[in-house]
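A.B. asks: Structure file coords.csv (CSV, C-alpha atoms) is given on the next line.
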chain,number,residue,atom,x,y,z
P,110,MET,CA,109.9,107.2,125.4
P,111,GLN,CA,108.2,110.2,127.0
P,112,VAL,CA,104.6,111.1,127.5
P,113,PHE,CA,103.4,114.6,127.3
P,114,GLU,CA,100.4,116.2,129.0
P,115,ASN,CA,99.6,119.8,128.3
P,116,GLY,CA,103.1,120.4,127.1
P,117,LYS,CA,104.8,119.1,130.2
P,118,SER,CA,107.0,116.1,129.9
P,119,ARG,CA,107.1,113.0,132.1
P,120,PRO,CA,109.7,110.4,131.2
P,121,VAL,CA,108.2,106.9,131.1
P,122,PHE,CA,111.3,104.9,130.5
P,123,ALA,CA,114.8,105.6,129.2
P,124,THR,CA,116.2,103.1,126.8
P,125,SER,CA,119.7,102.0,127.5
P,126,ALA,CA,122.4,101.8,124.8
P,127,LEU,CA,122.1,98.0,124.8
P,128,LEU,CA,118.4,98.0,124.5
P,129,ARG,CA,118.6,100.4,121.6
P,130,ALA,CA,121.2,98.3,119.9
P,131,THR,CA,119.1,95.1,120.2
P,132,TYR,CA,115.6,96.5,120.0
P,133,PHE,CA,115.8,99.7,118.0
P,134,SER,CA,118.3,98.3,115.5
P,135,PRO,CA,119.7,101.2,113.5
P,136,MET,CA,119.3,99.8,109.9
P,137,HIS,CA,116.3,98.4,108.3
P,138,GLU,CA,118.0,95.4,106.8
P,139,TYR,CA,119.9,94.7,110.0
P,140,SER,CA,116.7,94.2,111.9
P,141,VAL,CA,115.4,92.0,109.1
P,142,ALA,CA,118.6,90.0,109.1
P,143,SER,CA,118.5,89.6,112.9
P,144,ALA,CA,114.9,88.3,112.7
P,145,ILE,CA,115.9,85.8,110.1
P,146,MET,CA,118.8,84.5,112.1
P,147,ASN,CA,116.6,84.1,115.2
P,148,THR,CA,114.0,82.1,113.3
P,149,ALA,CA,116.7,80.0,111.6
P,150,LEU,CA,118.5,79.2,114.9
P,151,SER,CA,115.4,78.2,116.7
P,152,ALA,CA,114.4,75.9,113.9
P,153,ALA,CA,117.9,74.4,113.8
P,154,GLY,CA,118.1,73.7,117.5
P,155,LYS,CA,121.7,73.1,118.5
P,156,ARG,CA,122.8,72.1,115.0
P,157,PRO,CA,125.0,74.5,112.9
P,158,VAL,CA,123.2,76.2,110.0
P,159,ARG,CA,125.0,75.6,106.7
P,160,THR,CA,122.7,77.3,104.2
P,161,LEU,CA,120.0,79.9,104.5
P,162,THR,CA,117.6,80.1,101.5
P,163,LEU,CA,115.4,83.2,101.2
P,164,ARG,CA,112.8,84.2,98.6
P,165,ASN,CA,112.7,88.0,98.1
P,166,GLY,CA,109.7,89.6,96.3
P,167,ALA,CA,110.4,92.4,93.9
P,168,LEU,CA,108.1,94.7,96.0
P,169,SER,CA,109.2,93.5,99.5
P,170,GLY,CA,111.2,96.7,100.2
P,171,VAL,CA,114.1,94.5,101.3
P,172,PHE,CA,117.4,95.2,99.5
P,173,ALA,CA,119.0,91.8,98.9
P,174,GLU,CA,122.6,93.1,98.9
P,175,SER,CA,122.4,94.8,102.3
P,176,LEU,CA,120.5,91.9,103.7
P,177,SER,CA,123.1,89.5,102.7
P,178,MET,CA,125.9,91.7,104.1
P,179,TYR,CA,124.1,91.9,107.5
P,180,LEU,CA,123.4,88.1,107.5
P,181,GLU,CA,127.1,87.5,107.0
P,182,MET,CA,128.0,89.8,109.8
P,183,ILE,CA,125.5,88.3,112.2
P,184,SER,CA,126.4,84.7,111.3
P,185,GLU,CA,130.1,85.5,112.0
P,186,GLU,CA,129.1,87.1,115.4
P,187,ARG,CA,127.3,83.9,116.3
P,188,GLY,CA,130.2,81.6,115.3
P,189,MET,CA,128.7,80.4,112.0
P,190,SER,CA,131.2,82.0,109.6
P,191,GLY,CA,131.1,80.4,106.2
P,192,MET,CA,127.3,79.9,106.3
P,193,ARG,CA,125.9,80.0,102.7
P,194,ILE,CA,123.2,82.6,102.0
P,195,GLU,CA,120.9,82.2,99.0
P,196,ILE,CA,118.5,84.9,98.1
P,197,VAL,CA,116.1,83.9,95.3
P,198,PRO,CA,114.4,86.9,93.6
P,199,GLU,CA,110.7,86.6,93.0
P,200,LYS,CA,108.8,88.7,90.5
P,201,ALA,CA,105.7,90.6,91.5
P,202,ARG,CA,102.3,89.3,90.2
P,203,PHE,CA,99.3,91.4,89.6
P,204,LYS,CA,95.6,90.6,89.0
P,205,CYS,CA,93.7,93.1,87.0
P,206,VAL,CA,89.9,93.8,87.3
P,207,CYS,CA,89.7,92.7,83.6
P,208,GLY,CA,90.8,89.2,84.8
P,209,LYS,CA,94.4,89.3,83.4
P,210,GLU,CA,97.2,88.1,85.6
P,211,TYR,CA,100.7,89.4,84.8
P,212,GLU,CA,104.2,89.7,86.2
P,213,SER,CA,106.3,92.8,86.6
P,214,ASP,CA,109.3,94.1,88.7
P,215,THR,CA,107.7,97.5,89.3
P,216,PHE,CA,104.6,99.0,90.9
P,217,LEU,CA,103.9,101.3,88.0
P,218,SER,CA,103.1,98.8,85.3
P,219,ALA,CA,99.8,99.0,83.5
P,220,CYS,CA,97.8,95.8,82.7
P,221,PRO,CA,99.2,94.5,79.4
P,222,SER,CA,95.7,93.5,78.3
P,223,CYS,CA,93.4,96.5,79.1
P,224,ASN,CA,96.1,99.1,79.9
P,225,GLY,CA,94.4,99.9,83.2
P,226,TYR,CA,95.7,100.2,86.8
P,227,GLU,CA,92.9,98.8,88.8
P,228,ARG,CA,94.7,95.7,89.9
P,229,GLU,CA,95.7,93.8,93.0
P,230,ILE,CA,99.2,92.7,93.9
P,231,ILE,CA,98.9,88.9,94.5
P,232,ALA,CA,102.6,88.1,94.9
P,233,GLY,CA,106.0,89.7,95.4
P,234,LYS,CA,105.4,91.8,98.5
P,235,GLU,CA,107.0,89.4,100.9
P,236,CYS,CA,110.5,88.3,101.8
P,237,ARG,CA,110.3,84.8,103.2
P,238,LEU,CA,112.8,82.4,104.9
P,239,GLU,CA,112.2,79.3,102.7
P,240,SER,CA,114.5,76.8,104.2
P,241,ILE,CA,117.7,76.1,106.2
P,242,GLU,CA,120.2,73.3,105.7
P,243,VAL,CA,121.7,72.0,108.9
P,244,ASP,CA,124.2,69.3,109.8
P,245,ASP,CA,122.8,65.9,110.7
P,246,GLU,CA,122.9,65.1,114.4
U,244,MET,CA,125.4,64.6,105.9
U,245,SER,CA,123.0,67.5,106.1
U,246,GLU,CA,119.2,67.9,106.4
U,247,THR,CA,117.1,70.6,104.8
U,248,ILE,CA,114.3,72.1,107.0
U,249,ARG,CA,111.5,73.8,105.1
U,250,LEU,CA,110.2,76.9,106.8
U,251,GLY,CA,108.4,79.3,104.5
U,252,VAL,CA,108.2,82.0,107.1
U,253,PRO,CA,107.5,85.5,106.0
U,254,LEU,CA,110.1,87.8,107.6
U,255,SER,CA,107.3,90.1,108.8
U,256,ALA,CA,105.7,87.2,110.8
U,257,LYS,CA,106.9,88.3,114.3
U,258,ASN,CA,106.0,92.0,113.7
U,259,ASP,CA,102.6,91.1,112.2
U,260,GLU,CA,101.8,88.9,115.2
U,261,ILE,CA,102.4,91.8,117.6
U,262,ALA,CA,100.5,94.2,115.2
U,263,GLN,CA,97.5,91.8,115.4
U,264,THR,CA,97.6,92.1,119.2
U,265,ASN,CA,97.7,95.9,118.9
U,266,ARG,CA,94.8,95.7,116.5
U,267,THR,CA,92.7,93.7,119.0
U,268,ILE,CA,93.5,96.4,121.7
U,269,PHE,CA,92.4,99.2,119.3
U,270,ARG,CA,89.2,97.4,118.4
U,271,GLU,CA,88.3,96.7,122.0
U,272,ALA,CA,88.9,100.4,122.9
U,273,GLY,CA,86.8,101.5,119.9
U,274,CYS,CA,89.7,103.5,118.5
U,275,THR,CA,90.3,104.0,114.8
U,276,VAL,CA,94.0,104.0,113.9
U,277,ILE,CA,95.9,105.8,111.1
U,278,ASN,CA,99.5,105.1,110.3
U,279,MET,CA,100.7,108.4,108.8
U,280,ILE,CA,103.8,108.2,106.6
U,281,SER,CA,105.8,110.8,104.7
U,282,SER,CA,109.3,112.2,104.1
U,283,PRO,CA,110.7,114.5,106.8
U,284,GLY,CA,109.3,118.1,106.6
U,285,SER,CA,106.1,117.3,104.7
U,286,GLY,CA,104.0,118.7,107.5
U,287,LYS,CA,102.6,115.7,109.3
U,288,THR,CA,102.9,117.4,112.7
U,289,SER,CA,101.2,120.5,111.4
U,290,VAL,CA,98.2,118.4,110.2
U,291,LEU,CA,98.1,116.8,113.6
U,292,GLU,CA,98.1,120.1,115.3
U,293,HIS,CA,95.0,121.1,113.4
U,294,MET,CA,93.4,117.7,114.3
U,295,GLY,CA,94.4,118.2,118.0
U,296,LYS,CA,92.8,121.7,118.1
U,297,LYS,CA,89.6,120.2,116.7
U,298,TRP,CA,89.3,116.9,118.8
U,299,GLY,CA,91.5,117.6,121.9
U,300,LYS,CA,92.0,114.5,124.0
U,301,LYS,CA,89.8,112.4,121.8
U,302,LEU,CA,92.8,112.3,119.5
U,303,GLY,CA,95.8,110.3,120.5
U,304,VAL,CA,99.1,110.6,118.7
U,305,ILE,CA,102.2,108.3,118.9
U,306,THR,CA,104.9,110.1,117.2
U,307,GLY,CA,108.2,108.6,116.1
U,308,ASP,CA,111.5,110.4,115.5
U,309,ILE,CA,115.2,109.4,115.5
U,310,GLN,CA,115.7,112.0,118.3
U,311,THR,CA,114.0,114.8,120.3
U,312,THR,CA,110.5,115.1,121.7
U,313,LEU,CA,109.7,118.3,119.8
U,314,ASP,CA,106.8,116.8,117.8
U,315,ALA,CA,105.0,115.4,120.9
U,316,GLN,CA,105.4,118.8,122.6
U,317,ARG,CA,103.7,120.5,119.7
U,318,ILE,CA,100.9,118.0,119.4
U,319,ALA,CA,100.2,118.1,123.2
U,320,ALA,CA,100.2,121.9,123.1
U,321,ALA,CA,97.5,121.7,120.5
U,322,GLY,CA,95.4,119.7,123.0
U,323,ALA,CA,95.8,116.0,121.9
U,324,GLN,CA,97.2,113.1,123.9
U,325,ALA,CA,100.8,112.7,122.7
U,326,VAL,CA,103.5,110.0,123.2
U,327,GLN,CA,107.0,110.4,121.7
U,328,ILE,CA,109.0,107.4,120.6
U,329,GLU,CA,112.7,108.2,120.0
U,330,THR,CA,114.0,105.4,117.9
U,331,GLY,CA,117.7,106.3,118.4
U,332,GLY,CA,118.5,105.6,114.8
U,333,ALA,CA,115.8,103.2,113.5
U,334,CYS,CA,114.3,104.3,110.2
U,335,HIS,CA,110.7,103.1,111.0
U,336,LEU,CA,108.4,102.2,113.8
U,337,THR,CA,107.6,98.6,114.5
U,338,ALA,CA,104.5,97.0,116.1
U,339,SER,CA,106.6,96.2,119.2
U,340,MET,CA,107.5,99.9,119.7
U,341,ILE,CA,103.7,100.8,119.4
U,342,SER,CA,102.8,98.0,121.8
U,343,LYS,CA,105.2,99.5,124.4
U,344,ALA,CA,103.8,103.0,123.9
U,345,LEU,CA,100.1,102.1,124.3
U,346,PRO,CA,100.0,102.0,128.2
U,347,SER,CA,101.0,105.7,128.1
U,348,LEU,CA,97.7,106.6,126.3
U,349,ASP,CA,94.2,106.8,127.6
U,350,LEU,CA,92.9,104.6,124.7
U,351,ALA,CA,89.4,104.4,126.1
U,352,GLY,CA,89.1,108.2,125.8
U,353,CYS,CA,90.6,108.1,122.3
U,354,GLU,CA,88.3,108.0,119.3
U,355,MET,CA,91.2,108.2,116.9
U,356,LEU,CA,94.8,107.3,117.2
U,357,VAL,CA,97.3,108.6,114.7
U,358,ILE,CA,100.8,107.0,114.5
U,359,GLU,CA,103.1,109.6,113.1
U,360,ASN,CA,105.8,107.4,111.7
U,361,VAL,CA,109.5,108.3,111.3
U,362,GLY,CA,109.9,110.7,108.4
U,363,ASN,CA,110.9,108.3,105.6
U,364,LEU,CA,109.2,107.4,102.3
U,365,VAL,CA,110.7,103.9,102.2
U,366,CYS,CA,110.9,101.6,105.2
U,367,PRO,CA,107.8,102.6,107.3
U,368,SER,CA,105.5,101.5,104.5
U,369,THR,CA,106.3,97.8,104.9
U,370,TYR,CA,105.8,97.5,108.6
U,371,TYR,CA,102.2,96.8,109.7
U,372,LEU,CA,101.5,98.3,113.1
U,373,GLY,CA,97.8,97.2,113.6
U,374,GLU,CA,96.3,100.3,111.9
U,375,ASP,CA,93.0,100.6,110.0
U,376,CYS,CA,94.6,102.6,107.2
U,377,LYS,CA,97.8,104.2,106.0
U,378,VAL,CA,97.8,107.8,105.0
U,379,ALA,CA,100.7,109.3,103.0
U,380,VAL,CA,101.5,113.0,103.2
U,381,LEU,CA,103.3,114.6,100.3
U,382,SER,CA,104.0,118.3,100.2
U,383,VAL,CA,104.1,120.2,97.0
U,384,ALA,CA,107.7,121.5,97.7
U,385,GLU,CA,108.9,117.9,97.4
U,386,GLY,CA,108.0,117.5,93.7
U,387,ASP,CA,105.2,115.8,91.8
U,388,GLU,CA,107.3,112.8,90.9
U,389,LYS,CA,107.5,111.4,94.4
U,390,PRO,CA,104.6,108.9,94.1
U,391,ALA,CA,106.3,107.4,91.0
U,392,LYS,CA,109.7,107.4,92.6
U,393,TYR,CA,108.6,106.0,96.0
U,394,PRO,CA,105.8,103.7,95.0
U,395,ALA,CA,106.0,101.3,98.0
U,396,LEU,CA,104.2,103.8,100.2
U,397,PHE,CA,101.7,105.1,97.7
U,398,VAL,CA,100.6,101.7,96.6
U,399,ARG,CA,99.6,100.9,100.2
U,400,ALA,CA,98.2,104.3,101.2
U,401,HIS,CA,94.4,104.4,101.5
U,402,ALA,CA,94.6,108.2,101.4
U,403,VAL,CA,97.1,110.8,100.3
U,404,ILE,CA,97.3,114.3,101.7
U,405,ILE,CA,98.9,116.8,99.3
U,406,ASN,CA,100.1,119.4,101.7
U,407,LYS,CA,101.3,123.0,101.5
U,408,VAL,CA,99.1,123.8,98.5
U,409,ASP,CA,99.4,127.5,99.4
U,410,LEU,CA,103.0,127.2,98.0
U,411,LEU,CA,101.7,126.1,94.5
U,412,PRO,CA,102.3,129.5,92.9
U,413,TYR,CA,106.0,129.4,94.0
U,414,VAL,CA,107.0,125.8,93.2
U,415,ARG,CA,106.9,123.6,90.1
U,416,PHE,CA,104.3,120.9,91.0
U,417,ASP,CA,102.0,119.4,88.5
U,418,MET,CA,99.0,118.5,90.7
U,419,GLN,CA,97.4,116.4,87.9
U,420,ARG,CA,100.5,114.3,87.4
U,421,ALA,CA,100.9,113.7,91.1
U,422,MET,CA,97.2,112.7,91.4
U,423,ASP,CA,97.3,110.5,88.3
U,424,ASP,CA,100.4,108.6,89.6
U,425,CYS,CA,98.8,108.1,93.0
U,426,ARG,CA,95.7,106.6,91.2
U,427,LYS,CA,97.9,104.4,89.0
U,428,LEU,CA,99.4,103.0,92.1
U,429,ASN,CA,96.1,102.6,93.9
U,430,ALA,CA,92.9,103.1,91.9
U,431,ARG,CA,90.8,103.5,95.1
U,432,VAL,CA,93.0,106.1,96.9
U,433,LYS,CA,91.4,109.2,98.4
U,434,ILE,CA,93.3,112.4,97.7
U,435,PHE,CA,93.2,115.5,99.9
U,436,PRO,CA,94.9,118.8,98.8
U,437,LEU,CA,95.6,120.7,102.0
U,438,SER,CA,97.1,123.8,103.5
U,439,CYS,CA,97.9,123.9,107.2
U,440,THR,CA,98.7,127.6,106.8
U,441,THR,CA,95.4,128.8,105.2
U,442,GLY,CA,93.2,125.9,106.3
U,443,GLN,CA,92.3,125.1,102.7
U,444,GLY,CA,91.0,121.6,102.3
U,445,MET,CA,90.9,120.9,106.1
U,446,ASP,CA,87.1,120.4,106.2
U,447,ALA,CA,87.3,117.6,103.6
U,448,TRP,CA,90.2,115.9,105.6
U,449,PHE,CA,88.2,116.2,108.9
U,450,ALA,CA,85.1,114.7,107.1
U,451,TYR,CA,87.2,111.8,105.9
U,452,CYS,CA,88.5,111.2,109.5
U,453,ASP,CA,84.9,111.3,110.7
U,454,GLU,CA,84.0,108.7,108.1
U,455,LEU,CA,86.9,106.5,109.2
U,456,ARG,CA,85.8,106.8,112.9
U,457,GLY,CA,82.2,105.9,111.9
U,458,ARG,CA,83.2,102.6,110.4
Output the structure of this file as structure tokens.
C.D. replies:
Amino acid sequence: MQVFENGKSRPVFATSALLRATYFSPMHEYSVASAIMNTALSAAGKRPVRTLTLRNGALSGVFAESLSMYLEMISEERGMSGMRIEIVPEKARFKCVCGKEYESDTFLSACPSCNGYEREIIAGKECRLESIEVDDE
Amino acid sequence: MSETIRLGVPLSAKNDEIAQTNRTIFREAGCTVINMISSPGSGKTSVLEHMGKKWGKKLGVITGDIQTTLDAQRIAAAGAQAVQIETGGACHLTASMISKALPSLDLAGCEMLVIENVGNLVCPSTYYLGEDCKVAVLSVAEGDEKPAKYPALFVRAHAVIINKVDLLPYVRFDMQRAMDDCRKLNARVKIFPLSCTTGQGMDAWFAYCDELRGR
């Protein structure tokens, strides 16, 4: 990162290759996968995680296939190869000003009741880590 | 035997927590914050140069790119405070990157902070950074179908700048279609046709920024 004042540059700190790899992870789904694993591992304590169950909203912006690939990669790196990954898709839900609630997989869907677009997204924007299955102590 | 532990944690939880801390810092400094998102080459930096010439150091900009400090140099030369984040490959800025950049700005002297996100119509839209509003920039050379093709950003954008309107005679761009799609995605969106070359529409954009700052 660098700060500029009147066009002159003054380096604030230089990021090392390691910092970049861990902090500024290169791929979107990689950083998401990494966050999931950290959350799962801290919830599991020292017990090995057998299954990860995620719920992915249609409008979350997370691509399930890439996420699953990175999760596999990270689980192997951390000595948990064979961990099962379940990603359950969740449809988006909208609530229209006319009162109608409806489901859809896309952002560009008109209200089936009044054909309008003045609606709120009430579900499907998130990707959540629902649960983990761990070995008993 | 195994045990199932219920978590129900949104994956954005950690980022959102840092974003809330950022937001508190912005509120305390009395600084209005825009998260500006677009594809590469839509003209975000040119818009910021115009804003920098008007507001000088009262405007702060945190600009994100994969590499180089070119944008921050341009914005600082226009008179604004500018900090560059080089992500080294990451396709979007996170709340944590913003938090680390904040000490490099004089926030107390800043009335408005614009976070110029990494040029990308997809990933940046899903990361909350602590901003008051998201502004999408779309240039007419990119095509009028972009809001429909990349809805994740336009559904979240409070305002859309349609940039480079001086090129309209030379490119196929149906302004009505682009505006209609933006409004289908967000019925309350504010739309600003703009040209950084001729200055067309700049007053309306500045007035909107003043309105945001007055909140």
A.B. asks: Would you kindly report the residues of chain U within 8 Å of chain P, using only C-alpha atoms, as a ChimeraX atom specification?
C.D. replies: /U:244-255,312,315-317,319-320,322,324-335,344,347,365-366,369,391,394-395,398,426-430
A.B. asks: Quick one: write out the picked residues with C-alpha atoms as a PDB file, in the frame of the given file?
C.D. replies:
ATOM      1  CA  MET U 244     125.400  64.600 105.900  1.00  0.00           C
ATOM      2  CA  SER U 245     123.000  67.500 106.100  1.00  0.00           C
ATOM      3  CA  GLU U 246     119.200  67.900 106.400  1.00  0.00           C
ATOM      4  CA  THR U 247     117.100  70.600 104.800  1.00  0.00           C
ATOM      5  CA  ILE U 248     114.300  72.100 107.000  1.00  0.00           C
ATOM      6  CA  ARG U 249     111.500  73.800 105.100  1.00  0.00           C
ATOM      7  CA  LEU U 250     110.200  76.900 106.800  1.00  0.00           C
ATOM      8  CA  GLY U 251     108.400  79.300 104.500  1.00  0.00           C
ATOM      9  CA  VAL U 252     108.200  82.000 107.100  1.00  0.00           C
ATOM     10  CA  PRO U 253     107.500  85.500 106.000  1.00  0.00           C
ATOM     11  CA  LEU U 254     110.100  87.800 107.600  1.00  0.00           C
ATOM     12  CA  SER U 255     107.300  90.100 108.800  1.00  0.00           C
ATOM     13  CA  THR U 312     110.500 115.100 121.700  1.00  0.00           C
ATOM     14  CA  ALA U 315     105.000 115.400 120.900  1.00  0.00           C
ATOM     15  CA  GLN U 316     105.400 118.800 122.600  1.00  0.00           C
ATOM     16  CA  ARG U 317     103.700 120.500 119.700  1.00  0.00           C
ATOM     17  CA  ALA U 319     100.200 118.100 123.200  1.00  0.00           C
ATOM     18  CA  ALA U 320     100.200 121.900 123.100  1.00  0.00           C
ATOM     19  CA  GLY U 322      95.400 119.700 123.000  1.00  0.00           C
ATOM     20  CA  GLN U 324      97.200 113.100 123.900  1.00  0.00           C
ATOM     21  CA  ALA U 325     100.800 112.700 122.700  1.00  0.00           C
ATOM     22  CA  VAL U 326     103.500 110.000 123.200  1.00  0.00           C
ATOM     23  CA  GLN U 327     107.000 110.400 121.700  1.00  0.00           C
ATOM     24  CA  ILE U 328     109.000 107.400 120.600  1.00  0.00           C
ATOM     25  CA  GLU U 329     112.700 108.200 120.000  1.00  0.00           C
ATOM     26  CA  THR U 330     114.000 105.400 117.900  1.00  0.00           C
ATOM     27  CA  GLY U 331     117.700 106.300 118.400  1.00  0.00           C
ATOM     28  CA  GLY U 332     118.500 105.600 114.800  1.00  0.00           C
ATOM     29  CA  ALA U 333     115.800 103.200 113.500  1.00  0.00           C
ATOM     30  CA  CYS U 334     114.300 104.300 110.200  1.00  0.00           C
ATOM     31  CA  HIS U 335     110.700 103.100 111.000  1.00  0.00           C
ATOM     32  CA  ALA U 344     103.800 103.000 123.900  1.00  0.00           C
ATOM     33  CA  SER U 347     101.000 105.700 128.100  1.00  0.00           C
ATOM     34  CA  VAL U 365     110.700 103.900 102.200  1.00  0.00           C
ATOM     35  CA  CYS U 366     110.900 101.600 105.200  1.00  0.00           C
ATOM     36  CA  THR U 369     106.300  97.800 104.900  1.00  0.00           C
ATOM     37  CA  ALA U 391     106.300 107.400  91.000  1.00  0.00           C
ATOM     38  CA  PRO U 394     105.800 103.700  95.000  1.00  0.00           C
ATOM     39  CA  ALA U 395     106.000 101.300  98.000  1.00  0.00           C
ATOM     40  CA  VAL U 398     100.600 101.700  96.600  1.00  0.00           C
ATOM     41  CA  ARG U 426      95.700 106.600  91.200  1.00  0.00           C
ATOM     42  CA  LYS U 427      97.900 104.400  89.000  1.00  0.00           C
ATOM     43  CA  LEU U 428      99.400 103.000  92.100  1.00  0.00           C
ATOM     44  CA  ASN U 429      96.100 102.600  93.900  1.00  0.00           C
ATOM     45  CA  ALA U 430      92.900 103.100  91.900  1.00  0.00           C
TER      46      ALA U 430
END
A.B. asks: Just the number, please: distance in Å from atom CA of Ser143 of chain P to atom CA of Gly188 of chain P, one decimal.
C.D. replies: 14.4 Å
A.B. asks: Name all residues at most 8 Å from Pro390 of chain U (count only C-alpha atoms; drop same-chain ones fewer than 4 positions away) and give them as a list in words.
C.D. replies: Pro394, Leu396, Phe397, Ala421, Asp424 and Cys425 of chain U
A.B. asks: Env of Lys377 of chain U: 8 Å cut, atoms = only C-alpha atoms, seq-sep filter 4 positions within chain, self excluded. Answer as a list of chain:residue names.
C.D. replies: U:Ile277, U:Asn278, U:Met279, U:Ile280, U:Arg399, U:Ala400, U:His401, U:Ala402
A.B. asks: Neighbouring residues of Gly286 of chain U were defined as those with any atom within 9 Å, considering all atoms listed in the file; residues of the same chain fewer than 3 positions away were excluded. Please report them as a list of chain:residue names.
C.D. replies: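 In the requested form, the answer reads U:Ser281, U:Pro283, U:Ser289, U:Val290, U:Leu291, U:Val380, U:Leu381, U:Ser382, U:Asn406, U:Lys407, U:Cys439.
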